[in-house]
Amino acid sequence: MRTLILFVALLLFGSTISTLSAQTTGLEPGNKAPEIKLPTLKGDTVALSTLKGKLVLIDFWGTWCSPCVQEQSELAKLYRKYKLAAFTNGKGFEIYGVSLDVKKSNWENFINTNKIDWIQVSDLKFWRSPVAKTYNIQGLPFNVLIDGNGIILAKNLHGIDLEKGIARFLHKE
Amino acid sequence: MKTKILIFLFFAVATSLFATKEVSAQGQSDPWTPQQLLAPADLAKVLNNPKSPQPLVFSIGMQAVIKGSVDIGPVMVPDNLNTLKQKLGKLQKNAQIVVYCGCCPFSRCPNVRPAMALLKDMRFTNYKLLNLPQNVKVDWIDKGYPMAE
């Protein structure tokens with residue numbers, strides 16, 4: 001009897017721990033992505049958490065980073081293709097672009113010239129941006145894919161892996 | 001058995017060819033010697049010790065992140081390269097100079113080569129490139145080295 005109680009207690013303890021860890025804010029798949037609140041070009045703040053309910057790609061980039069710049073046209077294609085798609089854990093696809101630029105003019109010109117129409121935020125602090133520390137970014141480009149509950153699904157997917165990573169979560173009829 | 005040996009030989013030759021090619025490509029494109037790379041820890045030590053002779057540190061990239069460094073701006077932009085040229089023109093040829101960018105690894109950085117080439121062309125004798133293999137965040141900020149205000 002005592003063994004049984006101990007067994008049940010251990011089971012309960014284990015399940016509580018696993019539930020807790022799923023809600024823990026962190027940087028690994030299964031963790032809740034840390035909140036980001038940064039200004040857009042117009043100066044109003046957009047919080048990552050306001051995108052709840054959608055599949056979101058957090059794209060860390062900068063106009064000074066050539067592979068990031070090259071990737072933007074690919075992101076535009078994905079955005080158009082999946083913007084209104086239904087996913088198993090989110091309705092619609094959004095990109096939350098976080099720029100590590102320094103000069104607002106560089107950032108603004110690039111967005112306007114390339115007609116980037118997804119969310120763009122920046123504190124214009126280059127590598128000193130607190131968000132680079134929060135997300136432990138080691139280099140650019142870097143991205144994080146999160147579900148409708150803000151839970152990290154994958155990190156640093158590029159090229160064909162990025163599209164595959166998004167398509168994997170499409171809702172199947 | 002013969003096929004196995006052939007396959008092994010093929011890979012061995014291919015690998016060695018590839019390695020040789022990479023070394024020569026780097027050697028040709030980089031206007032600096034391994035001796036001209038300055039370890040971040042060594043610069044941090046000097047900056048933290050006011051009694052030690054201080055080098056002139058130029059940020060030739062996006063932002064002057066390092067304490068005391070002069071913000072030139074990205075020297076891939078000709079105007080900024082000219083600014084650097086003018087500032088260098090006022091210095092002795094044996095002045096102790098350090099340049100850094102830190103946006104990205106050297107292989108992708110558009111700024112370190114023009115700056116180091118300029119220093120070489122102007123015949124400076126005591127200049128270094130700060131060795132930030134990944135970027136200024138990983139190799140300087142995250143290490144807790146001294147930062148600009």
# chains A, B, ... in the order shown; residues from 1 in each chain; ligands from 1
$ interface_residues --of "chain A" --to "chain B" --cutoff "8 Å" --atoms "only C-alpha atoms" --output "NGL selection string"
:A and (64-66 or 102 or 126-128 or 138-140)
$ residues_around --residues "Met122 in chain B" --least-positions-apart "4" --cutoff "9 Å" --atoms "only C-alpha atoms" --output "JSON list (two decimals) with C-alpha atoms, in the first residue's frame"
[["chain", "number", "residue", "atom", "x", "y", "z"],
["B", 85, "LYS", "CA", 41.83, 58.39, -44.00],
["B", 88, "LEU", "CA", 44.82, 58.61, -39.83],
["B", 89, "GLY", "CA", 46.60, 61.32, -41.81],
["B", 93, "LYS", "CA", 53.16, 56.14, -38.70],
["B", 117, "ALA", "CA", 43.98, 47.76, -46.64],
["B", 118, "LEU", "CA", 44.00, 51.52, -46.00]]
$ select_by_dssp --residues "range 59-160 of chain A" --states "strand (DSSP E)" --output "JSON, numbers by chain"
{"A": [59, 60, 61, 86, 87, 90, 91, 93, 94, 95, 96, 97, 98, 99, 119, 120, 121, 142, 143, 144, 145, 146, 152, 153, 154, 155]}
$ write_last_selection --atoms "N, CA and C atoms" --output "PDB file, in the first residue's frame"
ATOM      1  N   ASP A  59      11.780  37.023 -36.852  1.00  0.00           N
ATOM      2  CA  ASP A  59      12.960  37.088 -37.727  1.00  0.00           C
ATOM      3  C   ASP A  59      13.900  38.178 -37.232  1.00  0.00           C
ATOM      4  N   PHE A  60      15.042  37.788 -36.707  1.00  0.00           N
ATOM      5  CA  PHE A  60      16.061  38.764 -36.275  1.00  0.00           C
ATOM      6  C   PHE A  60      16.973  39.028 -37.469  1.00  0.00           C
ATOM      7  N   TRP A  61      17.111  40.300 -37.814  1.00  0.00           N
ATOM      8  CA  TRP A  61      17.878  40.640 -39.009  1.00  0.00           C
ATOM      9  C   TRP A  61      18.453  42.036 -38.890  1.00  0.00           C
ATOM     10  N   ALA A  86      -4.571  28.006 -42.306  1.00  0.00           N
ATOM     11  CA  ALA A  86      -4.935  27.484 -40.976  1.00  0.00           C
ATOM     12  C   ALA A  86      -3.893  26.464 -40.559  1.00  0.00           C
ATOM     13  N   PHE A  87      -3.450  26.594 -39.318  1.00  0.00           N
ATOM     14  CA  PHE A  87      -2.445  25.683 -38.793  1.00  0.00           C
ATOM     15  C   PHE A  87      -3.033  24.871 -37.645  1.00  0.00           C
ATOM     16  N   GLY A  90      -2.636  27.350 -34.665  1.00  0.00           N
ATOM     17  CA  GLY A  90      -2.701  28.784 -34.911  1.00  0.00           C
ATOM     18  C   GLY A  90      -3.458  29.068 -36.193  1.00  0.00           C
ATOM     19  N   LYS A  91      -4.114  30.207 -36.237  1.00  0.00           N
ATOM     20  CA  LYS A  91      -4.858  30.560 -37.454  1.00  0.00           C
ATOM     21  C   LYS A  91      -4.191  31.771 -38.088  1.00  0.00           C
ATOM     22  N   PHE A  93      -0.621  33.224 -40.473  1.00  0.00           N
ATOM     23  CA  PHE A  93       0.831  33.251 -40.294  1.00  0.00           C
ATOM     24  C   PHE A  93       1.290  34.704 -40.283  1.00  0.00           C
ATOM     25  N   GLU A  94       2.122  35.044 -39.316  1.00  0.00           N
ATOM     26  CA  GLU A  94       2.632  36.422 -39.216  1.00  0.00           C
ATOM     27  C   GLU A  94       4.155  36.380 -39.089  1.00  0.00           C
ATOM     28  N   ILE A  95       4.794  37.425 -39.572  1.00  0.00           N
ATOM     29  CA  ILE A  95       6.243  37.556 -39.354  1.00  0.00           C
ATOM     30  C   ILE A  95       6.453  38.777 -38.459  1.00  0.00           C
ATOM     31  N   TYR A  96       7.261  38.593 -37.422  1.00  0.00           N
ATOM     32  CA  TYR A  96       7.600  39.670 -36.491  1.00  0.00           C
ATOM     33  C   TYR A  96       9.089  39.938 -36.701  1.00  0.00           C
ATOM     34  N   GLY A  97       9.376  40.922 -37.529  1.00  0.00           N
ATOM     35  CA  GLY A  97      10.772  41.219 -37.876  1.00  0.00           C
ATOM     36  C   GLY A  97      11.411  42.128 -36.844  1.00  0.00           C
ATOM     37  N   VAL A  98      12.505  41.671 -36.261  1.00  0.00           N
ATOM     38  CA  VAL A  98      13.223  42.478 -35.273  1.00  0.00           C
ATOM     39  C   VAL A  98      14.572  42.876 -35.887  1.00  0.00           C
ATOM     40  N   SER A  99      14.730  44.162 -36.164  1.00  0.00           N
ATOM     41  CA  SER A  99      15.961  44.612 -36.821  1.00  0.00           C
ATOM     42  C   SER A  99      16.998  45.058 -35.793  1.00  0.00           C
ATOM     43  N   ILE A 119       5.068  42.844 -39.797  1.00  0.00           N
ATOM     44  CA  ILE A 119       5.427  43.680 -38.649  1.00  0.00           C
ATOM     45  C   ILE A 119       6.954  43.848 -38.565  1.00  0.00           C
ATOM     46  N   GLN A 120       7.376  45.079 -38.374  1.00  0.00           N
ATOM     47  CA  GLN A 120       8.801  45.377 -38.225  1.00  0.00           C
ATOM     48  C   GLN A 120       9.010  46.224 -36.982  1.00  0.00           C
ATOM     49  N   VAL A 121       9.884  45.773 -36.104  1.00  0.00           N
ATOM     50  CA  VAL A 121      10.187  46.545 -34.895  1.00  0.00           C
ATOM     51  C   VAL A 121      11.707  46.638 -34.717  1.00  0.00           C
ATOM     52  N   PHE A 142      18.854  34.985 -37.652  1.00  0.00           N
ATOM     53  CA  PHE A 142      18.392  34.047 -36.629  1.00  0.00           C
ATOM     54  C   PHE A 142      16.877  34.171 -36.567  1.00  0.00           C
ATOM     55  N   ASN A 143      16.184  33.043 -36.440  1.00  0.00           N
ATOM     56  CA  ASN A 143      14.732  33.136 -36.318  1.00  0.00           C
ATOM     57  C   ASN A 143      14.176  32.071 -35.381  1.00  0.00           C
ATOM     58  N   VAL A 144      12.949  32.333 -34.937  1.00  0.00           N
ATOM     59  CA  VAL A 144      12.272  31.431 -34.006  1.00  0.00           C
ATOM     60  C   VAL A 144      10.824  31.297 -34.483  1.00  0.00           C
ATOM     61  N   LEU A 145      10.361  30.073 -34.620  1.00  0.00           N
ATOM     62  CA  LEU A 145       8.978  29.829 -35.042  1.00  0.00           C
ATOM     63  C   LEU A 145       8.158  29.472 -33.808  1.00  0.00           C
ATOM     64  N   ILE A 146       7.064  30.227 -33.583  1.00  0.00           N
ATOM     65  CA  ILE A 146       6.246  29.952 -32.392  1.00  0.00           C
ATOM     66  C   ILE A 146       4.792  29.695 -32.786  1.00  0.00           C
ATOM     67  N   ILE A 152       7.624  27.826 -28.477  1.00  0.00           N
ATOM     68  CA  ILE A 152       8.629  27.661 -29.530  1.00  0.00           C
ATOM     69  C   ILE A 152       8.500  26.289 -30.199  1.00  0.00           C
ATOM     70  N   LEU A 153       8.369  26.336 -31.546  1.00  0.00           N
ATOM     71  CA  LEU A 153       8.273  25.097 -32.318  1.00  0.00           C
ATOM     72  C   LEU A 153       9.622  24.721 -32.904  1.00  0.00           C
ATOM     73  N   ALA A 154      10.365  25.727 -33.371  1.00  0.00           N
ATOM     74  CA  ALA A 154      11.663  25.469 -34.017  1.00  0.00           C
ATOM     75  C   ALA A 154      12.493  26.734 -34.000  1.00  0.00           C
ATOM     76  N   LYS A 155      13.802  26.549 -34.190  1.00  0.00           N
ATOM     77  CA  LYS A 155      14.720  27.701 -34.191  1.00  0.00           C
ATOM     78  C   LYS A 155      15.629  27.631 -35.404  1.00  0.00           C
TER      79      LYS A 155
END
$ residues_around --residues "range 73-78 of chain A" --least-positions-apart "6" --cutoff "12 Å" --atoms "only C-alpha atoms" --output "short mmCIF file (atom, residue, chain, number, x, y, z; two decimals) with N, CA and C atoms, in the first residue's frame"
data_model
loop_
_atom_site.label_atom_id
_atom_site.label_comp_id
_atom_site.auth_asym_id
_atom_site.auth_seq_id
_atom_site.Cartn_x
_atom_site.Cartn_y
_atom_site.Cartn_z
N VAL A 56 3.78 32.30 -35.73
CA VAL A 56 4.60 33.50 -35.91
C VAL A 56 6.07 33.13 -36.12
N LEU A 57 6.67 33.77 -37.12
CA LEU A 57 8.12 33.65 -37.30
C LEU A 57 8.75 34.93 -36.78
N ILE A 58 9.56 34.82 -35.72
CA ILE A 58 10.31 35.98 -35.23
C ILE A 58 11.61 35.97 -36.03
N ASP A 59 11.78 37.02 -36.85
CA ASP A 59 12.96 37.09 -37.73
C ASP A 59 13.90 38.18 -37.23
N TRP A 61 17.11 40.30 -37.81
CA TRP A 61 17.88 40.64 -39.01
C TRP A 61 18.45 42.04 -38.89
N PRO A 67 23.31 38.05 -45.60
CA PRO A 67 22.41 36.89 -45.74
C PRO A 67 20.98 37.18 -45.27
N LEU A 84 -2.87 33.57 -44.62
CA LEU A 84 -4.25 33.27 -44.22
C LEU A 84 -4.47 31.77 -43.99
N ALA A 85 -3.39 31.01 -43.97
CA ALA A 85 -3.53 29.55 -43.83
C ALA A 85 -3.94 29.17 -42.40
N GLY A 92 -3.62 31.56 -39.26
CA GLY A 92 -2.90 32.62 -39.94
C GLY A 92 -1.43 32.60 -39.58
N PHE A 93 -0.62 33.22 -40.47
CA PHE A 93 0.83 33.25 -40.29
C PHE A 93 1.29 34.70 -40.28
N GLU A 94 2.12 35.04 -39.32
CA GLU A 94 2.63 36.42 -39.22
C GLU A 94 4.15 36.38 -39.09
N ILE A 95 4.79 37.43 -39.57
CA ILE A 95 6.24 37.56 -39.35
C ILE A 95 6.45 38.78 -38.46
N TYR A 96 7.26 38.59 -37.42
CA TYR A 96 7.60 39.67 -36.49
C TYR A 96 9.09 39.94 -36.70
N GLY A 97 9.38 40.92 -37.53
CA GLY A 97 10.77 41.22 -37.88
C GLY A 97 11.41 42.13 -36.84
N PHE A 110 15.03 50.40 -46.48
CA PHE A 110 14.97 49.01 -46.92
C PHE A 110 13.53 48.51 -46.91
N ILE A 111 12.81 48.82 -45.86
CA ILE A 111 11.42 48.36 -45.74
C ILE A 111 10.57 48.96 -46.86
N THR A 113 11.64 50.34 -49.81
CA THR A 113 12.07 49.91 -51.15
C THR A 113 11.59 48.50 -51.45
N ASN A 114 11.65 47.65 -50.45
CA ASN A 114 11.29 46.24 -50.68
C ASN A 114 9.83 45.94 -50.34
N LYS A 115 9.09 47.00 -50.01
CA LYS A 115 7.64 46.89 -49.74
C LYS A 115 7.35 45.76 -48.73
N ILE A 116 8.09 45.76 -47.65
CA ILE A 116 7.88 44.74 -46.61
C ILE A 116 6.61 45.11 -45.84
N ASP A 117 5.65 44.20 -45.84
CA ASP A 117 4.36 44.55 -45.24
C ASP A 117 4.03 43.77 -43.97
N TRP A 118 5.00 43.03 -43.44
CA TRP A 118 4.76 42.37 -42.15
C TRP A 118 5.30 43.27 -41.03
N ILE A 119 5.07 42.84 -39.80
CA ILE A 119 5.43 43.68 -38.65
C ILE A 119 6.95 43.85 -38.57
N ASN A 143 16.18 33.04 -36.44
CA ASN A 143 14.73 33.14 -36.32
C ASN A 143 14.18 32.07 -35.38
N LEU A 157 15.55 28.15 -38.73
CA LEU A 157 15.28 27.42 -39.97
C LEU A 157 15.50 28.37 -41.14
N HIS A 158 16.19 27.92 -42.16
CA HIS A 158 16.43 28.77 -43.32
C HIS A 158 16.25 27.95 -44.59
N GLY A 159 16.03 28.66 -45.71
CA GLY A 159 15.90 28.01 -47.00
C GLY A 159 14.73 27.06 -47.02
N ILE A 160 14.95 25.89 -47.61
CA ILE A 160 13.88 24.91 -47.76
C ILE A 160 13.38 24.42 -46.40
N ASP A 161 14.28 24.40 -45.40
CA ASP A 161 13.89 23.94 -44.06
C ASP A 161 12.85 24.87 -43.42
N LEU A 162 12.92 26.15 -43.77
CA LEU A 162 11.97 27.10 -43.20
C LEU A 162 10.57 26.83 -43.72
N GLU A 163 10.46 26.67 -45.04
CA GLU A 163 9.13 26.40 -45.60
C GLU A 163 8.60 25.05 -45.08
N LYS A 164 9.48 24.06 -45.04
CA LYS A 164 9.06 22.74 -44.53
C LYS A 164 8.59 22.87 -43.08
N GLY A 165 9.33 23.68 -42.30
CA GLY A 165 9.02 23.87 -40.88
C GLY A 165 7.65 24.51 -40.69
N ILE A 166 7.28 25.42 -41.59
CA ILE A 166 5.97 26.08 -41.50
C ILE A 166 4.88 25.11 -41.99
N ALA A 167 5.15 24.49 -43.15
CA ALA A 167 4.15 23.62 -43.77
C ALA A 167 3.80 22.41 -42.89
#
$ atom_distance --atom1 "CA of Thr50 in chain A" --atom2 "CA of Asn112 in chain A"
24.0 Å
$ select_by_dssp --residues "chain A" --states "helix (DSSP H, G or I)" --output "VMD selection string"
chain A and resid 2 to 23 48 to 51 66 to 82 104 to 113 126 to 128 130 to 134 160 to 167
$ atom_distance --atom1 "CA of Trp107 in chain A" --atom2 "CA of Phe58 in chain B"
23.8 Å
$ closest_residue --among "B:Pro55, B:Pro114, B:Pro50, B:Gly73" --to "Trp32 in chain B" --atoms "only C-alpha atoms"
B:Pro114
$ residues_around --residues "Thr83 in chain B" --least-positions-apart "4" --cutoff "7 Å" --atoms "only C-alpha atoms" --output "PDB file with N, CA and C atoms, in the first residue's frame"
ATOM      1  N   ILE B  72      33.683  55.851 -36.568  1.00  0.00           N
ATOM      2  CA  ILE B  72      33.906  56.291 -37.949  1.00  0.00           C
ATOM      3  C   ILE B  72      32.675  55.988 -38.809  1.00  0.00           C
ATOM      4  N   ASP B  79      32.478  57.639 -48.073  1.00  0.00           N
ATOM      5  CA  ASP B  79      32.600  58.836 -47.225  1.00  0.00           C
ATOM      6  C   ASP B  79      33.236  58.508 -45.874  1.00  0.00           C
ATOM      7  N   LYS B  87      41.527  61.115 -40.501  1.00  0.00           N
ATOM      8  CA  LYS B  87      41.943  60.974 -39.091  1.00  0.00           C
ATOM      9  C   LYS B  87      43.314  60.319 -39.015  1.00  0.00           C
TER      10      LYS B  87
END
$ atom_distance --atom1 "CA of Glu35 in chain A" --atom2 "CA of Gln72 in chain A"
23.1 Å
$ residues_around --residues "Leu27 in chain A" --least-positions-apart "6" --cutoff "8 Å" --atoms "only C-alpha atoms" --output "MDAnalysis selection string"
chainID A and resid 33:34 135 152
$ residues_around --residues "Gly62 in chain A" --least-positions-apart "5" --cutoff "7 Å" --atoms "only C-alpha atoms" --output "number ranges by chain"
A: 68, 99-101
$ residues_around --residues "Thr125 in chain B" --least-positions-apart "4" --cutoff "12 Å" --atoms "only C-alpha atoms" --output "list of chain:residue names"
B:Gln36, B:Leu91, B:Gln92, B:Lys93, B:Asn94, B:Ala95, B:Gln96, B:Ile97, B:Val98, B:Met116, B:Leu119, B:Lys120, B:Asp121
$ write_last_selection --atoms "C-alpha atoms" --output "short mmCIF file (atom, residue, chain, number, x, y, z; two decimals), in the first residue's frame"
data_model
loop_
_atom_site.label_atom_id
_atom_site.label_comp_id
_atom_site.auth_asym_id
_atom_site.auth_seq_id
_atom_site.Cartn_x
_atom_site.Cartn_y
_atom_site.Cartn_z
CA GLN B 36 47.95 41.55 -36.68
CA LEU B 91 48.86 60.38 -36.80
CA GLN B 92 52.46 59.23 -36.58
CA LYS B 93 53.16 56.14 -38.70
CA ASN B 94 54.10 54.18 -35.58
CA ALA B 95 50.91 55.10 -33.65
CA GLN B 96 49.26 52.21 -31.85
CA ILE B 97 45.98 51.65 -33.73
CA VAL B 98 43.19 49.09 -33.33
CA MET B 116 43.05 47.15 -42.99
CA LEU B 119 46.26 51.15 -42.95
CA LYS B 120 48.62 49.02 -45.00
CA ASP B 121 48.62 51.47 -47.93
#
